[in-house]
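File shown: my_file.cif. Contents: mmCIF, C-alpha atoms.
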```
data_target
#
loop_
_atom_site.label_atom_id
_atom_site.label_comp_id
_atom_site.auth_asym_id
_atom_site.auth_seq_id
_atom_site.Cartn_x
_atom_site.Cartn_y
_atom_site.Cartn_z
CA MET A 1 -13.84 -10.50 -18.95
CA THR A 2 -14.10 -13.91 -17.38
CA ASP A 3 -15.91 -14.27 -14.10
CA LYS A 4 -14.25 -16.88 -11.96
CA PRO A 5 -14.24 -17.31 -8.20
CA LEU A 6 -11.20 -16.26 -6.22
CA VAL A 7 -9.43 -19.49 -5.30
CA GLY A 8 -8.53 -18.20 -1.85
CA ASP A 9 -11.94 -16.67 -1.02
CA PHE A 10 -13.09 -19.85 0.75
CA TYR A 11 -16.11 -18.21 2.44
CA ASP A 12 -17.09 -16.20 -0.67
CA TYR A 13 -16.75 -12.73 0.81
CA GLN A 14 -16.67 -11.44 -2.77
CA SER A 15 -20.42 -12.09 -2.92
CA LEU A 16 -20.94 -9.11 -0.60
CA LEU A 17 -20.19 -6.81 -3.53
CA THR A 18 -23.00 -5.41 -5.68
CA ASP A 19 -23.21 -6.27 -9.36
CA ASP A 20 -21.71 -2.90 -10.34
CA GLU A 21 -18.89 -3.31 -7.83
CA HIS A 22 -18.25 -6.80 -9.11
CA GLU A 23 -17.82 -5.43 -12.63
CA VAL A 24 -15.13 -3.04 -11.35
CA LEU A 25 -13.41 -5.93 -9.63
CA LEU A 26 -13.50 -8.10 -12.75
CA ARG A 27 -12.08 -5.26 -14.81
CA THR A 28 -9.20 -4.94 -12.37
CA ARG A 29 -8.63 -8.70 -12.25
CA THR A 30 -8.55 -9.00 -16.03
CA PHE A 31 -6.00 -6.19 -16.38
CA MET A 32 -3.76 -7.53 -13.64
CA GLU A 33 -3.79 -11.07 -15.00
CA SER A 34 -3.47 -10.23 -18.69
CA GLU A 35 -1.21 -7.15 -18.64
CA VAL A 36 0.69 -7.11 -15.36
CA ALA A 37 1.29 -10.80 -14.61
CA PRO A 38 3.31 -11.46 -17.82
CA ILE A 39 5.84 -8.70 -17.06
CA ALA A 40 5.87 -8.75 -13.25
CA ASN A 41 8.88 -11.04 -12.81
CA LYS A 42 11.07 -9.19 -15.31
CA ALA A 43 10.20 -5.76 -13.93
CA TRP A 44 10.96 -7.02 -10.41
CA ALA A 45 14.26 -8.63 -11.47
CA ASP A 46 15.33 -5.50 -13.37
CA ALA A 47 14.10 -3.16 -10.61
CA ALA A 48 12.53 -1.14 -13.42
CA PHE A 49 9.13 0.52 -13.22
CA PRO A 50 6.97 -0.27 -16.30
CA HIS A 51 5.75 3.22 -17.15
CA ASP A 52 3.97 1.89 -20.24
CA LEU A 53 1.40 0.21 -17.97
CA VAL A 54 0.22 3.46 -16.36
CA PRO A 55 -2.36 4.16 -19.10
CA GLY A 56 -3.80 0.71 -18.46
CA PHE A 57 -4.14 1.46 -14.76
CA ALA A 58 -5.78 4.76 -15.67
CA ALA A 59 -8.28 3.01 -17.95
CA LEU A 60 -9.49 0.92 -15.03
CA ASP A 61 -10.94 4.13 -13.56
CA VAL A 62 -10.27 2.96 -10.00
CA ALA A 63 -7.86 5.69 -8.83
CA GLY A 64 -9.56 7.73 -6.14
CA LEU A 65 -12.63 5.52 -5.88
CA ALA A 66 -12.84 6.29 -2.18
CA TYR A 67 -13.18 10.02 -2.89
CA ARG A 68 -15.92 9.42 -5.42
CA GLY A 69 -18.26 7.69 -3.01
CA ALA A 70 -17.23 4.05 -3.47
CA ARG A 71 -17.63 1.69 -0.54
CA SER A 72 -14.53 0.70 1.38
CA LEU A 73 -15.35 -2.92 0.61
CA LEU A 74 -14.83 -2.28 -3.10
CA THR A 75 -11.59 -0.32 -2.67
CA GLY A 76 -10.34 -3.09 -0.42
CA PHE A 77 -11.08 -5.82 -2.93
CA VAL A 78 -9.41 -3.77 -5.68
CA ALA A 79 -6.27 -3.62 -3.53
CA LEU A 80 -6.53 -7.37 -2.91
CA GLU A 81 -6.78 -8.10 -6.65
CA MET A 82 -3.72 -6.02 -7.43
CA ASN A 83 -1.63 -7.57 -4.68
CA ARG A 84 -2.48 -11.15 -5.52
CA VAL A 85 -0.72 -10.59 -8.85
CA ASP A 86 2.01 -8.02 -8.12
CA PRO A 87 2.57 -6.37 -4.73
CA SER A 88 5.05 -3.92 -6.29
CA LEU A 89 2.63 -2.33 -8.74
CA ALA A 90 -0.10 -2.54 -6.13
CA THR A 91 2.13 -0.49 -3.83
CA PHE A 92 2.73 2.06 -6.58
CA PHE A 93 -1.02 2.40 -6.96
CA GLY A 94 -1.64 2.54 -3.20
CA VAL A 95 0.90 5.33 -2.70
CA HIS A 96 -0.66 7.34 -5.50
CA THR A 97 -4.33 6.88 -4.68
CA GLY A 98 -4.26 6.29 -0.92
CA LEU A 99 -1.46 8.44 0.45
CA ALA A 100 -1.04 11.21 -2.12
CA MET A 101 -4.64 11.61 -3.23
CA GLY A 102 -5.80 10.89 0.30
CA SER A 103 -3.73 13.78 1.66
CA ILE A 104 -5.27 16.22 -0.78
CA ALA A 105 -8.79 14.87 -0.28
CA ARG A 106 -8.48 14.98 3.52
CA CYS A 107 -6.36 18.11 4.01
CA GLY A 108 -6.71 20.17 0.86
CA SER A 109 -9.09 23.06 0.31
CA GLU A 110 -11.88 22.72 -2.25
CA GLU A 111 -9.77 24.69 -4.71
CA GLN A 112 -6.80 22.39 -4.18
CA GLN A 113 -8.95 19.31 -4.58
CA GLU A 114 -10.34 20.66 -7.85
CA ARG A 115 -6.84 21.60 -9.00
CA TRP A 116 -5.20 18.22 -8.49
CA LEU A 117 -7.60 15.33 -7.80
CA PRO A 118 -9.31 15.03 -11.22
CA ALA A 119 -5.96 14.74 -13.03
CA MET A 120 -4.73 12.30 -10.39
CA SER A 121 -7.90 10.22 -10.76
CA ARG A 122 -7.16 10.00 -14.49
CA MET A 123 -3.54 9.24 -13.56
CA GLU A 124 -2.37 12.11 -15.73
CA LYS A 125 -0.49 13.28 -12.66
CA ILE A 126 1.18 10.76 -10.34
CA GLY A 127 1.57 11.44 -6.64
CA ALA A 128 3.96 10.48 -3.84
CA PHE A 129 3.91 10.93 -0.07
CA GLY A 130 6.92 12.18 1.88
CA LEU A 131 6.76 11.58 5.63
CA THR A 132 9.47 9.09 6.66
CA GLU A 133 12.93 10.57 7.16
CA PRO A 134 16.47 9.16 7.27
CA HIS A 135 16.51 9.50 11.07
CA GLY A 136 12.79 9.10 11.72
CA GLY A 137 10.43 6.20 11.18
CA SER A 138 8.22 5.09 14.02
CA ASP A 139 9.04 8.25 16.00
CA VAL A 140 8.49 10.69 13.16
CA ALA A 141 5.46 12.24 14.88
CA ALA A 142 7.68 13.63 17.61
CA GLY A 143 10.92 13.99 15.72
CA LEU A 144 10.13 15.42 12.28
CA GLU A 145 13.34 17.13 11.15
CA THR A 146 12.18 18.64 7.85
CA THR A 147 11.31 22.29 8.45
CA ALA A 148 9.19 24.94 6.77
CA ARG A 149 9.64 28.68 7.22
CA ARG A 150 7.20 31.24 5.88
CA GLU A 151 8.54 34.17 3.92
CA GLY A 152 5.75 36.33 2.54
CA ASP A 153 3.60 34.28 0.19
CA GLU A 154 6.11 31.45 0.08
CA TRP A 155 7.39 28.68 2.32
CA VAL A 156 11.04 27.67 2.42
CA ILE A 157 11.44 23.95 3.07
CA ASN A 158 14.65 22.21 4.12
CA GLY A 159 15.22 18.60 5.07
CA ALA A 160 15.32 15.05 3.81
CA LYS A 161 12.91 12.14 3.30
CA ARG A 162 13.59 8.44 2.77
CA TRP A 163 11.73 5.44 1.32
CA ILE A 164 9.39 7.66 -0.68
CA GLY A 165 7.64 5.49 -3.27
CA ASN A 166 7.05 6.93 -6.76
CA ALA A 167 9.14 10.00 -5.92
CA THR A 168 11.63 9.60 -8.77
CA PHE A 169 8.93 10.24 -11.38
CA ALA A 170 5.98 11.72 -9.46
CA ASP A 171 4.42 14.94 -10.71
CA LEU A 172 3.79 16.02 -7.15
CA VAL A 173 4.98 14.90 -3.72
CA ILE A 174 3.16 15.58 -0.46
CA ILE A 175 5.88 16.77 1.91
CA TRP A 176 5.23 16.95 5.63
CA ALA A 177 7.36 19.51 7.47
CA ARG A 178 7.46 21.18 10.88
CA ASP A 179 6.64 24.88 10.86
CA GLU A 180 9.52 26.75 12.54
CA ALA A 181 7.11 29.39 13.83
CA ASP A 182 4.55 27.28 15.71
CA ASP A 183 6.19 23.81 15.70
CA HIS A 184 3.10 22.29 14.06
CA VAL A 185 3.33 19.77 11.23
CA LYS A 186 2.03 21.06 7.92
CA GLY A 187 1.62 19.49 4.49
CA PHE A 188 2.87 20.91 1.20
CA VAL A 189 2.40 19.89 -2.41
CA VAL A 190 5.86 20.01 -3.96
CA GLU A 191 5.61 19.82 -7.72
CA LYS A 192 8.12 18.19 -10.06
CA ASP A 193 11.11 20.28 -11.07
CA THR A 194 10.85 22.57 -8.04
CA PRO A 195 14.33 24.10 -7.55
CA GLY A 196 16.12 22.54 -4.57
CA PHE A 197 14.13 19.27 -4.75
CA THR A 198 16.00 16.09 -5.70
CA ALA A 199 14.87 12.47 -5.58
CA THR A 200 17.44 9.68 -5.88
CA LYS A 201 16.35 6.09 -6.42
CA ILE A 202 17.26 3.67 -3.61
CA GLU A 203 19.15 0.77 -5.13
CA HIS A 204 19.79 -2.84 -4.07
CA LYS A 205 16.39 -3.51 -2.48
CA ILE A 206 15.37 -7.12 -1.95
CA ALA A 207 11.63 -6.39 -1.75
CA LEU A 208 9.13 -4.45 -3.90
CA ARG A 209 11.93 -3.98 -6.39
CA THR A 210 9.65 -2.59 -9.09
CA VAL A 211 8.64 0.30 -6.83
CA GLU A 212 10.96 3.28 -7.22
CA ASN A 213 11.58 4.34 -3.63
CA ALA A 214 13.70 7.43 -3.28
CA ASP A 215 15.84 9.48 -0.96
CA ILE A 216 14.61 13.06 -1.18
CA THR A 217 16.55 16.17 -0.30
CA LEU A 218 14.94 19.59 -0.01
CA THR A 219 17.32 22.54 -0.04
CA ASP A 220 15.68 25.96 0.28
CA CYS A 221 12.69 24.75 -1.74
CA ARG A 222 10.31 27.65 -2.21
CA ILE A 223 6.71 26.55 -2.20
CA PRO A 224 3.84 29.00 -2.76
CA GLU A 225 1.27 29.37 0.02
CA GLU A 226 -1.35 28.09 -2.41
CA ASN A 227 0.45 24.73 -2.33
CA ARG A 228 0.20 24.38 1.44
CA LEU A 229 -2.57 21.93 2.31
CA GLN A 230 -5.01 24.34 3.85
CA ARG A 231 -6.69 21.92 6.23
CA ALA A 232 -3.53 20.29 7.61
CA GLY A 233 -3.03 21.89 11.00
CA GLY A 234 -0.94 19.30 12.80
CA PHE A 235 0.23 15.71 12.89
CA ARG A 236 -3.26 14.56 13.85
CA ASP A 237 -4.28 15.25 10.25
CA THR A 238 -1.38 13.20 8.94
CA ALA A 239 -2.35 10.42 11.33
CA GLU A 240 -5.91 10.46 9.99
CA ILE A 241 -4.61 9.70 6.50
CA LEU A 242 -2.40 6.92 7.83
CA ARG A 243 -5.32 5.45 9.77
CA ARG A 244 -7.20 4.84 6.55
CA THR A 245 -4.23 3.68 4.47
CA ARG A 246 -3.06 1.35 7.26
CA GLY A 247 -6.33 -0.52 6.79
CA GLY A 248 -5.49 -0.67 3.10
CA VAL A 249 -2.19 -2.35 3.90
CA ALA A 250 -4.12 -5.07 5.71
CA TRP A 251 -6.03 -5.66 2.47
CA GLN A 252 -2.67 -5.76 0.69
CA ALA A 253 -1.50 -8.48 3.03
CA VAL A 254 -4.59 -10.58 2.26
CA GLY A 255 -3.94 -10.21 -1.46
CA VAL A 256 -0.30 -11.23 -1.09
CA MET A 257 -1.04 -14.39 0.88
CA MET A 258 -3.93 -15.23 -1.46
CA GLY A 259 -1.63 -14.95 -4.47
CA ALA A 260 0.96 -17.17 -2.81
CA TYR A 261 -1.75 -19.67 -1.85
CA GLU A 262 -3.01 -19.92 -5.43
CA LEU A 263 0.50 -20.56 -6.71
CA ALA A 264 1.25 -23.16 -4.04
CA LEU A 265 -2.04 -24.99 -4.60
CA ALA A 266 -1.54 -25.16 -8.37
CA TYR A 267 2.05 -26.35 -7.92
CA ALA A 268 1.03 -29.03 -5.41
CA LYS A 269 -1.48 -30.46 -7.88
CA GLU A 270 1.06 -30.61 -10.70
CA ARG A 271 4.31 -31.54 -8.94
CA GLU A 272 4.78 -35.30 -8.58
CA GLN A 273 6.99 -37.15 -6.11
CA PHE A 274 6.93 -40.86 -5.31
CA GLY A 275 4.57 -41.39 -8.24
CA ARG A 276 1.78 -39.06 -7.14
CA PRO A 277 0.98 -35.30 -6.93
CA ILE A 278 2.39 -33.85 -3.74
CA ALA A 279 -1.09 -32.43 -3.04
CA LYS A 280 -2.03 -35.98 -2.07
CA PHE A 281 0.39 -35.99 0.87
CA GLN A 282 -1.04 -35.19 4.27
CA LEU A 283 1.73 -32.79 5.27
CA VAL A 284 1.29 -30.74 2.09
CA GLN A 285 -2.46 -30.56 2.63
CA ASP A 286 -1.77 -29.43 6.19
CA LEU A 287 0.31 -26.51 4.92
CA LEU A 288 -2.28 -25.57 2.31
CA VAL A 289 -5.05 -25.54 4.91
CA ARG A 290 -2.93 -23.45 7.27
CA ILE A 291 -2.38 -20.86 4.54
CA LEU A 292 -6.07 -20.89 3.62
CA GLY A 293 -6.97 -20.44 7.27
CA ASP A 294 -4.73 -17.37 7.47
CA VAL A 295 -6.26 -15.97 4.29
CA THR A 296 -9.81 -16.61 5.45
CA SER A 297 -9.42 -15.17 8.94
CA SER A 298 -7.59 -12.11 7.62
CA LEU A 299 -10.13 -11.54 4.87
CA GLY A 300 -12.93 -11.70 7.41
CA MET A 301 -11.15 -9.08 9.50
CA VAL A 302 -10.64 -6.61 6.66
CA VAL A 303 -14.18 -7.06 5.37
CA ARG A 304 -15.45 -6.07 8.82
CA LEU A 305 -12.93 -3.23 8.89
CA ALA A 306 -14.39 -1.90 5.63
CA GLN A 307 -17.88 -2.07 7.11
CA LEU A 308 -16.72 -0.07 10.13
CA GLN A 309 -15.20 2.53 7.81
CA ASP A 310 -18.41 2.92 5.88
CA THR A 311 -20.54 3.27 9.02
CA GLY A 312 -18.24 5.90 10.51
CA VAL A 313 -17.21 4.00 13.66
CA TYR A 314 -13.70 3.23 12.44
CA ARG A 315 -10.98 3.94 15.01
CA ASP A 316 -7.18 3.93 15.04
CA GLU A 317 -7.00 0.68 16.94
CA HIS A 318 -9.20 -1.08 14.37
CA SER A 319 -6.79 -0.41 11.51
CA ALA A 320 -3.75 -0.92 13.74
CA MET A 321 -4.80 -4.41 14.80
CA ALA A 322 -5.75 -5.38 11.25
CA LYS A 323 -2.39 -4.22 9.91
CA ALA A 324 -0.45 -6.01 12.66
CA PHE A 325 -2.45 -9.25 12.47
CA CYS A 326 -2.83 -9.58 8.70
CA THR A 327 0.79 -8.81 7.88
CA ALA A 328 1.99 -11.32 10.47
CA ARG A 329 -0.27 -13.97 8.96
CA MET A 330 0.97 -12.98 5.51
CA ARG A 331 4.58 -13.41 6.54
CA GLU A 332 4.05 -16.96 7.81
CA SER A 333 1.74 -17.91 4.93
CA VAL A 334 4.14 -16.96 2.14
CA GLY A 335 6.80 -18.94 4.00
CA TRP A 336 4.59 -22.02 4.00
CA ALA A 337 3.87 -21.50 0.29
CA ARG A 338 7.61 -21.38 -0.37
CA GLU A 339 8.00 -24.57 1.66
CA ILE A 340 5.48 -26.38 -0.54
CA LEU A 341 7.51 -25.48 -3.62
CA GLY A 342 10.74 -26.69 -2.05
CA GLY A 343 13.83 -25.42 -3.86
CA ASN A 344 11.70 -24.07 -6.69
CA GLY A 345 10.24 -21.64 -4.17
CA ILE A 346 13.36 -19.50 -4.33
CA VAL A 347 13.44 -19.39 -8.14
CA LEU A 348 11.79 -16.27 -9.55
CA ASP A 349 10.23 -18.21 -12.42
CA TYR A 350 7.85 -19.83 -9.93
CA LYS A 351 6.76 -16.41 -8.56
CA VAL A 352 6.31 -17.46 -4.94
CA GLY A 353 9.78 -16.21 -4.04
CA ARG A 354 8.76 -12.73 -5.19
CA PHE A 355 5.81 -12.80 -2.79
CA VAL A 356 8.08 -13.96 0.04
CA ALA A 357 10.46 -11.05 -0.55
CA ASP A 358 7.75 -8.44 -1.05
CA ALA A 359 5.97 -9.52 2.12
CA GLU A 360 8.95 -8.32 4.16
CA ALA A 361 8.42 -4.72 3.05
CA ILE A 362 4.65 -4.80 3.55
CA TYR A 363 5.18 -6.26 7.03
CA SER A 364 7.17 -3.16 7.99
CA TYR A 365 5.69 -0.14 6.25
CA GLU A 366 2.72 1.95 7.42
CA GLY A 367 3.61 1.19 11.03
CA THR A 368 5.57 -1.81 12.27
CA ARG A 369 3.87 -4.69 14.04
CA GLU A 370 5.25 -3.41 17.34
CA ILE A 371 3.89 0.12 16.90
CA ASN A 372 0.47 -1.11 15.79
CA THR A 373 0.41 -3.52 18.72
CA LEU A 374 1.03 -0.63 21.11
CA ILE A 375 -1.74 1.44 19.50
CA THR A 376 -4.14 -1.45 20.00
CA GLY A 377 -2.81 -2.17 23.49
CA ARG A 378 -3.36 1.43 24.55
CA ALA A 379 -6.95 1.24 23.31
CA ILE A 380 -7.82 -1.95 25.22
CA THR A 381 -6.03 -1.08 28.48
CA GLY A 382 -6.32 2.67 28.55
CA LEU A 383 -2.58 2.80 29.27
CA GLY A 384 0.06 4.02 26.82
CA ALA A 385 3.21 1.86 26.72
CA PHE A 386 5.13 4.01 24.23
CA VAL A 387 8.59 5.02 25.34
#
```
Let me see the file written as structure tokens.
Amino acid sequence: MTDKPLVGDFYDYQSLLTDDEHEVLLRTRTFMESEVAPIANKAWADAAFPHDLVPGFAALDVAGLAYRGARSLLTGFVALEMNRVDPSLATFFGVHTGLAMGSIARCGSEEQQERWLPAMSRMEKIGAFGLTEPHGGSDVAAGLETTARREGDEWVINGAKRWIGNATFADLVIIWARDEADDHVKGFVVEKDTPGFTATKIEHKIALRTVENADITLTDCRIPEENRLQRAGGFRDTAEILRRTRGGVAWQAVGVMMGAYELALAYAKEREQFGRPIAKFQLVQDLLVRILGDVTSSLGMVVRLAQLQDTGVYRDEHSAMAKAFCTARMRESVGWAREILGGNGIVLDYKVGRFVADAEAIYSYEGTREINTLITGRAITGLGAFV
């Protein structure tokens, strides 16, 4: 492993990690740069998930770090490292470890945690998370259409989900459904090959193409009571999971803009116009500094967010503002990086175009900017502006 500073970590926030944490980070960085980077463009262009890389991800031993006592600062930097190379595979990993494992860790009984989490930590079983529906995104808390009906020791689930990452090949999918009896939202672990469960890959995406998002249909799926998440009693439990993963998306955004910044900086030093590197032109330096400013301010925000998580004073509005702010900065930063590359910025070979496209998905998922703004606005004014 080679220890080198992160080009975009201008204030050296990485130095806040312990030596042991730094080793984990270097291990992740080495894998992403040596194994993922060489195939990232082709996998994205082909919209084909590279299943052969899963054992390499498993060998990193970083799945489920948060549930094994790791600091949020470390899990955040791991997410950053993955995203600065390939936001698609970073999203695959985030769905598995943050949403799927997070649901079981937060809402599962001790028996359920022992049954599933060790294998998921070793990535022997891959997870997915089914909340969003064809007719419900931002309003899914109030309008969840998927239903669950208890019949003896089983639950019968009917409904549909959309945009479910990993679902085409996941060994288990966390499905959130409304109990017909009490109208409360409950979580269920639906295992692969359950009769009545189908997952169809969504085609023709222009962002995160390597991720296999799926449309899910559930037709009279019979799920044993032992697969109902025993500590999920309502949507507030679902929201608790999203509160933590929403902060993770802010870390994703920092990684994406840092990756784009590195590419733009290297290109500006090599690309010559008018007999000199374009990095020598004032307007190019202005764009580079703007991007670096976005990276630095966003990184400072998520580092503080991680500290709040670890001290137990982390609230919904903290993650909401970080997600809204960092993804907005990401969106403008990758655009500036593309601008520095000129026409080459839209050619996949130069990689920046992939970051520009992937940023659009990250900007929208785990709560849109508008929804996260309203969560933060309600916290600072004491007045809800939701319609």
Next item on the list: Run through the PyMOL selection byres ((chain A and resi 327) around 8) on the given coordinates and return the selected residues as a ChimeraX atom specification.
Entry: /A:250,253-254,323-326,328-331,359,362-363
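Rounded to one decimal, atom CA of A:Ala214 and atom CA of A:Gly165 lie 6.4 Å from each other.
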Notebook entry, point to check: What is the atom CA of A:Ala264-atom CA of A:Gly56 distance in Å, reported with one decimal?
Noted result: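 Value for the atom CA of A:Ala264-atom CA of A:Gly56 distance: 28.3 Å.
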I'd like the contact shell of A:Val211 - 7 Å cut-off, only C-alpha atoms, skipping same-chain residues fewer than 3 positions apart - returned as an mmCIF file with C-alpha atoms, in the coordinates of the input.
```
data_model
loop_
_atom_site.group_PDB
_atom_site.id
_atom_site.type_symbol
_atom_site.label_atom_id
_atom_site.label_comp_id
_atom_site.auth_asym_id
_atom_site.auth_seq_id
_atom_site.Cartn_x
_atom_site.Cartn_y
_atom_site.Cartn_z
ATOM 1 C CA PHE A 49 9.130 0.520 -13.220
ATOM 2 C CA SER A 88 5.050 -3.920 -6.290
ATOM 3 C CA LEU A 89 2.630 -2.330 -8.740
ATOM 4 C CA PHE A 92 2.730 2.060 -6.580
ATOM 5 C CA GLY A 165 7.640 5.490 -3.270
ATOM 6 C CA ASN A 166 7.050 6.930 -6.760
ATOM 7 C CA LEU A 208 9.130 -4.450 -3.900
#
```
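What separates atom CA of A:Ile174 from atom CA of A:Phe129 is a distance of 4.7 Å.
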Checklist line | Selected residue, from A:Glu317, A:Gly353, A:Thr238, A:Leu229, that lies nearest to A:Thr381 when counting all atoms listed in the file | finding: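 Of the candidates, the smallest distance to A:Thr381 is held by A:Glu317.
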Next item on the list: Carefully work through the PyMOL selection byres ((chain A and resi 292) around 9) for this structure and note down the residues it includes, as JSON, numbers by chain.
Entry: {"A": [8, 9, 10, 257, 258, 261, 287, 288, 289, 290, 291, 293, 294, 295, 296, 297, 333]}
Pull C-alpha atoms from the residues just selected and write them as a PDB file, in the coordinates of the input.
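That gives us part-v3.pdb:
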```pdb
ATOM      1  CA  GLY A   8      -8.530 -18.200  -1.850  1.00  0.00           C
ATOM      2  CA  ASP A   9     -11.940 -16.670  -1.020  1.00  0.00           C
ATOM      3  CA  PHE A  10     -13.090 -19.850   0.750  1.00  0.00           C
ATOM      4  CA  MET A 257      -1.040 -14.390   0.880  1.00  0.00           C
ATOM      5  CA  MET A 258      -3.930 -15.230  -1.460  1.00  0.00           C
ATOM      6  CA  TYR A 261      -1.750 -19.670  -1.850  1.00  0.00           C
ATOM      7  CA  LEU A 287       0.310 -26.510   4.920  1.00  0.00           C
ATOM      8  CA  LEU A 288      -2.280 -25.570   2.310  1.00  0.00           C
ATOM      9  CA  VAL A 289      -5.050 -25.540   4.910  1.00  0.00           C
ATOM     10  CA  ARG A 290      -2.930 -23.450   7.270  1.00  0.00           C
ATOM     11  CA  ILE A 291      -2.380 -20.860   4.540  1.00  0.00           C
ATOM     12  CA  GLY A 293      -6.970 -20.440   7.270  1.00  0.00           C
ATOM     13  CA  ASP A 294      -4.730 -17.370   7.470  1.00  0.00           C
ATOM     14  CA  VAL A 295      -6.260 -15.970   4.290  1.00  0.00           C
ATOM     15  CA  THR A 296      -9.810 -16.610   5.450  1.00  0.00           C
ATOM     16  CA  SER A 297      -9.420 -15.170   8.940  1.00  0.00           C
ATOM     17  CA  SER A 333       1.740 -17.910   4.930  1.00  0.00           C
TER      18      SER A 333
END
```
Check: Mind telling me what the PyMOL selection byres ((chain A and resi 94-96) around 8) catches here, as a ChimeraX atom specification?
Finding: /A:79,90-93,97-101,126-129,165-166
Margin query: Quick one: residues within 8 Å of A:Arg84, all atoms listed in the file, excluding same-chain residues fewer than 3 positions away - as number ranges by chain?
Written below: A: 80-81, 87, 255-260
Notebook entry, point to check: Could you pull the residues within 8 Å of stretch 192-206 of chain A, counting only C-alpha atoms, minus those fewer than 6 positions along the same chain, as JSON, numbers by chain?
Noted result: {"A": [163, 167, 168, 170, 171, 172, 173, 212, 213, 214, 215, 216, 217, 218, 219, 220, 221, 222, 357, 358]}
Residue selection dump (C-alpha atoms) as a PDB file, in the coordinates of the input:
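Generated file (selection38.pdb):
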```
ATOM      1  CA  TRP A 163      11.730   5.440   1.320  1.00  0.00           C
ATOM      2  CA  ALA A 167       9.140  10.000  -5.920  1.00  0.00           C
ATOM      3  CA  THR A 168      11.630   9.600  -8.770  1.00  0.00           C
ATOM      4  CA  ALA A 170       5.980  11.720  -9.460  1.00  0.00           C
ATOM      5  CA  ASP A 171       4.420  14.940 -10.710  1.00  0.00           C
ATOM      6  CA  LEU A 172       3.790  16.020  -7.150  1.00  0.00           C
ATOM      7  CA  VAL A 173       4.980  14.900  -3.720  1.00  0.00           C
ATOM      8  CA  GLU A 212      10.960   3.280  -7.220  1.00  0.00           C
ATOM      9  CA  ASN A 213      11.580   4.340  -3.630  1.00  0.00           C
ATOM     10  CA  ALA A 214      13.700   7.430  -3.280  1.00  0.00           C
ATOM     11  CA  ASP A 215      15.840   9.480  -0.960  1.00  0.00           C
ATOM     12  CA  ILE A 216      14.610  13.060  -1.180  1.00  0.00           C
ATOM     13  CA  THR A 217      16.550  16.170  -0.300  1.00  0.00           C
ATOM     14  CA  LEU A 218      14.940  19.590  -0.010  1.00  0.00           C
ATOM     15  CA  THR A 219      17.320  22.540  -0.040  1.00  0.00           C
ATOM     16  CA  ASP A 220      15.680  25.960   0.280  1.00  0.00           C
ATOM     17  CA  CYS A 221      12.690  24.750  -1.740  1.00  0.00           C
ATOM     18  CA  ARG A 222      10.310  27.650  -2.210  1.00  0.00           C
ATOM     19  CA  ALA A 357      10.460 -11.050  -0.550  1.00  0.00           C
ATOM     20  CA  ASP A 358       7.750  -8.440  -1.050  1.00  0.00           C
TER      21      ASP A 358
END
```
Notebook entry, point to check: Is there a way to get, as a list in words, all residues within 12 Å of the point (-8.0, 20.2, -5.8) in file coordinates, counting only C-alpha atoms?
Noted result: Tyr67, Ala100, Met101, Gly102, Ser103, Ile104, Ala105, Arg106, Cys107, Gly108, Ser109, Glu110, Glu111, Gln112, Gln113, Glu114, Arg115, Trp116, Leu117, Pro118, Ala119, Met120, Ser121, Val189, Glu226, Asn227, Arg228, Leu229 and Gln230 of chain A
Margin query: Excluding A:Ala43 and its own-chain neighbours fewer than 3 positions away, which residues fall within 10 Å of it when counting only C-alpha atoms? Please give them as a list in words.
Written below: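 Close residues of A:Ala43: Val36, Pro38, Ile39, Ala40, Asp46, Ala47, Ala48, Phe49, Pro50, Ser88, Leu89, Arg209, Thr210 and Val211 of chain A.
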Just the selected residues (C-alpha atoms), exported as a PDB file, in the coordinates of the input, please.
```pdb
ATOM      1  CA  VAL A  36       0.690  -7.110 -15.360  1.00  0.00           C
ATOM      2  CA  PRO A  38       3.310 -11.460 -17.820  1.00  0.00           C
ATOM      3  CA  ILE A  39       5.840  -8.700 -17.060  1.00  0.00           C
ATOM      4  CA  ALA A  40       5.870  -8.750 -13.250  1.00  0.00           C
ATOM      5  CA  ASP A  46      15.330  -5.500 -13.370  1.00  0.00           C
ATOM      6  CA  ALA A  47      14.100  -3.160 -10.610  1.00  0.00           C
ATOM      7  CA  ALA A  48      12.530  -1.140 -13.420  1.00  0.00           C
ATOM      8  CA  PHE A  49       9.130   0.520 -13.220  1.00  0.00           C
ATOM      9  CA  PRO A  50       6.970  -0.270 -16.300  1.00  0.00           C
ATOM     10  CA  SER A  88       5.050  -3.920  -6.290  1.00  0.00           C
ATOM     11  CA  LEU A  89       2.630  -2.330  -8.740  1.00  0.00           C
ATOM     12  CA  ARG A 209      11.930  -3.980  -6.390  1.00  0.00           C
ATOM     13  CA  THR A 210       9.650  -2.590  -9.090  1.00  0.00           C
ATOM     14  CA  VAL A 211       8.640   0.300  -6.830  1.00  0.00           C
TER      15      VAL A 211
END
```
Note to self: Using all atoms listed in the file, which protein or nucleic acid residues come within 6 Å of A:Thr132? Drop anything in the same chain fewer than 4 positions from it, and give the result as a ChimeraX atom specification.
What the structure shows: /A:137,161-162
Checklist line | Which of A:Gln285, A:Thr75, A:Gln252, A:Thr373 sits closest to A:Leu265 [using all atoms listed in the file] | finding: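 Once distances to A:Leu265 are computed over all atoms listed in the file, the minimum belongs to A:Gln285.
When all atoms listed in the file are used to compute distances to A:Glu366, the closest of the residues A:Arg178, A:Arg243, A:Lys269, A:Lys186 turns out to be A:Arg243.
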Under the rule of at most 10 Å, produce a per-residue listing of stretch 63-89 of chain A near stretch 11-24 of chain A: chain, number, name, the closest pair of atoms, and the distance in Å, as a tab-separated table, using all atoms listed in the file.
```
residue	atom	partner	partner_atom	distance
A:Ala70	CA	A:Glu21	CA	8.7
A:Arg71	CA	A:Glu21	CA	8.9
A:Leu73	CA	A:Leu17	CA	7.5
A:Leu74	CA	A:Glu21	CA	6.3
A:Thr75	CA	A:Glu21	CA	9.4
A:Phe77	CA	A:Gln14	CA	7.9
A:Val78	CA	A:Val24	CA	8.1
```
